[in-house]
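See structure below.
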Amino acid sequence: MHRRSAPLRSGALLAALTAVLTTTAVPAGARPHGEPDPVRLSIVETARDAGTFSTLLAALQLSGLAPELATSGPWTVLAPTDEALEALPPGALERLLRPANASALRSVLAMHVIPGRYAARAVLAVGEAETLAGESVVFSIEAGRLRAGAAGVVANDIDCTDGVVHAIDAVLLPSS
């Protein structure tokens with residue numbers, strides 16, 4: 001039986017979603033014993049500095065989640081890269097990014113945020129976790145690679161001051 005996280009607060013979504021990866025970040029626990037902690041950034045700062053999450057950051061602003069994200073945590077963010085968002089079916093991203101569709105956009109973004117700080121080993125240990133959308137994401141290893149639902153994790157354990165980011169190669173969509 002898998003342990004599930006508590007249901008998420010909708011106001012906390014942005015704090016979790018902006019926690020995106022930077023390719024230069026040091027994974028939690030990756031520094032040799034005795035070295036000082038590297039300077040860590042917030043989820044939003046990490047996403048901005050990475051340069052591969054500009055679409056995600058724009059979506060967070062448009063959905064109204066950006067201010068909320070910065071005010072609480074910790075979060076685990078399954079951050080779709082710009083490439084992952086661009087791979088949505090033709091026209092889907094453009095429809096989601098219309099101001100009139102902010103509610104649908106918020107629902108999609110909520111699928112990528114989990115309350116709490118879960119490193120790769122922790123998400124595998126719990127097996128699945130409930131997102132801010134109220135739906136579960138199942139974690140597994142397939143062909144030696146960590147998976148979050150239908151998405152492959154391309155970088156994991158990006159440590160931020162307000163959570164951890166796992167960059168993913170696909171967008172997680174709510175069931176409804």
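Each chain of the structure tokens is named A, B, ... in the order shown, its residues numbered from 1; ligands are numbered from 1 in display order.
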
Close residues, Ala151 of chain A itself excluded, 9 Å, only C-alpha atoms, min 4 positions apart in chain, as JSON, numbers by chain | {"A": [80, 146, 147, 168, 169, 170, 171, 172]}

One-decimal distance in Å that lies between atom CA of Leu85 of chain A and atom CA of Leu57 of chain A =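 Interatomic distance, atom CA of Leu57 of chain A to atom CA of Leu85 of chain A: 11.5 Å.
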
Enumerate, in order of chain and increasing residue number, the residues of segment 90-116 of chain A with an atom no farther than 10 Å from segment 129-137 of chain A, each with its shortest atom pair and distance in Å to one decimal, counting only C-alpha atoms, as a Markdown table.
| residue | atom | partner | partner_atom | distance |
| --- | --- | --- | --- | --- |
| A:Arg106 | CA | A:Ala133 | CA | 8.7 |
| A:Ser107 | CA | A:Ala133 | CA | 6.1 |
| A:Val108 | CA | A:Ala133 | CA | 7.8 |
| A:Leu109 | CA | A:Ala133 | CA | 8.1 |
| A:Ala110 | CA | A:Ala133 | CA | 4.7 |
| A:Met111 | CA | A:Ala133 | CA | 5.2 |
| A:His112 | CA | A:Thr131 | CA | 6.6 |
| A:Val113 | CA | A:Thr131 | CA | 5.4 |
| A:Ile114 | CA | A:Thr131 | CA | 4.6 |
| A:Pro115 | CA | A:Thr131 | CA | 7.2 |
| A:Gly116 | CA | A:Ala129 | CA | 9.9 |

Quick one: of A:Gly149, A:Thr81, A:Ala143, A:Asp157, who's nearest to Phe53 of chain A, counting only C-alpha atoms?
->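 For Phe53 of chain A, the nearest of the candidates is A:Thr81.
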
re atom CA of Val44 of chain A and atom CA of Val153 of chain A: distance 19.1 Å

Which of A:Val154, A:Ile43, A:Leu105, A:Thr161 sits closest to Leu62 of chain A [using only C-alpha atoms] =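 For Leu62 of chain A, the nearest of the given residues is A:Leu105.
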
Which of these residues is nearest to Ala102 of chain A, using only C-alpha atoms: A:Leu65, A:Gly152, A:Leu78, A:Val165?
->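 Checking each candidate against Ala102 of chain A, we get A:Leu65 as the closest.
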
Taking only C-alpha atoms into account, which of A:Val77, A:Pro99, A:Ala150, A:Ala84 comes nearest Ala119 of chain A?
->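 Among the listed residues, the smallest separation from Ala119 of chain A belongs to A:Val77.
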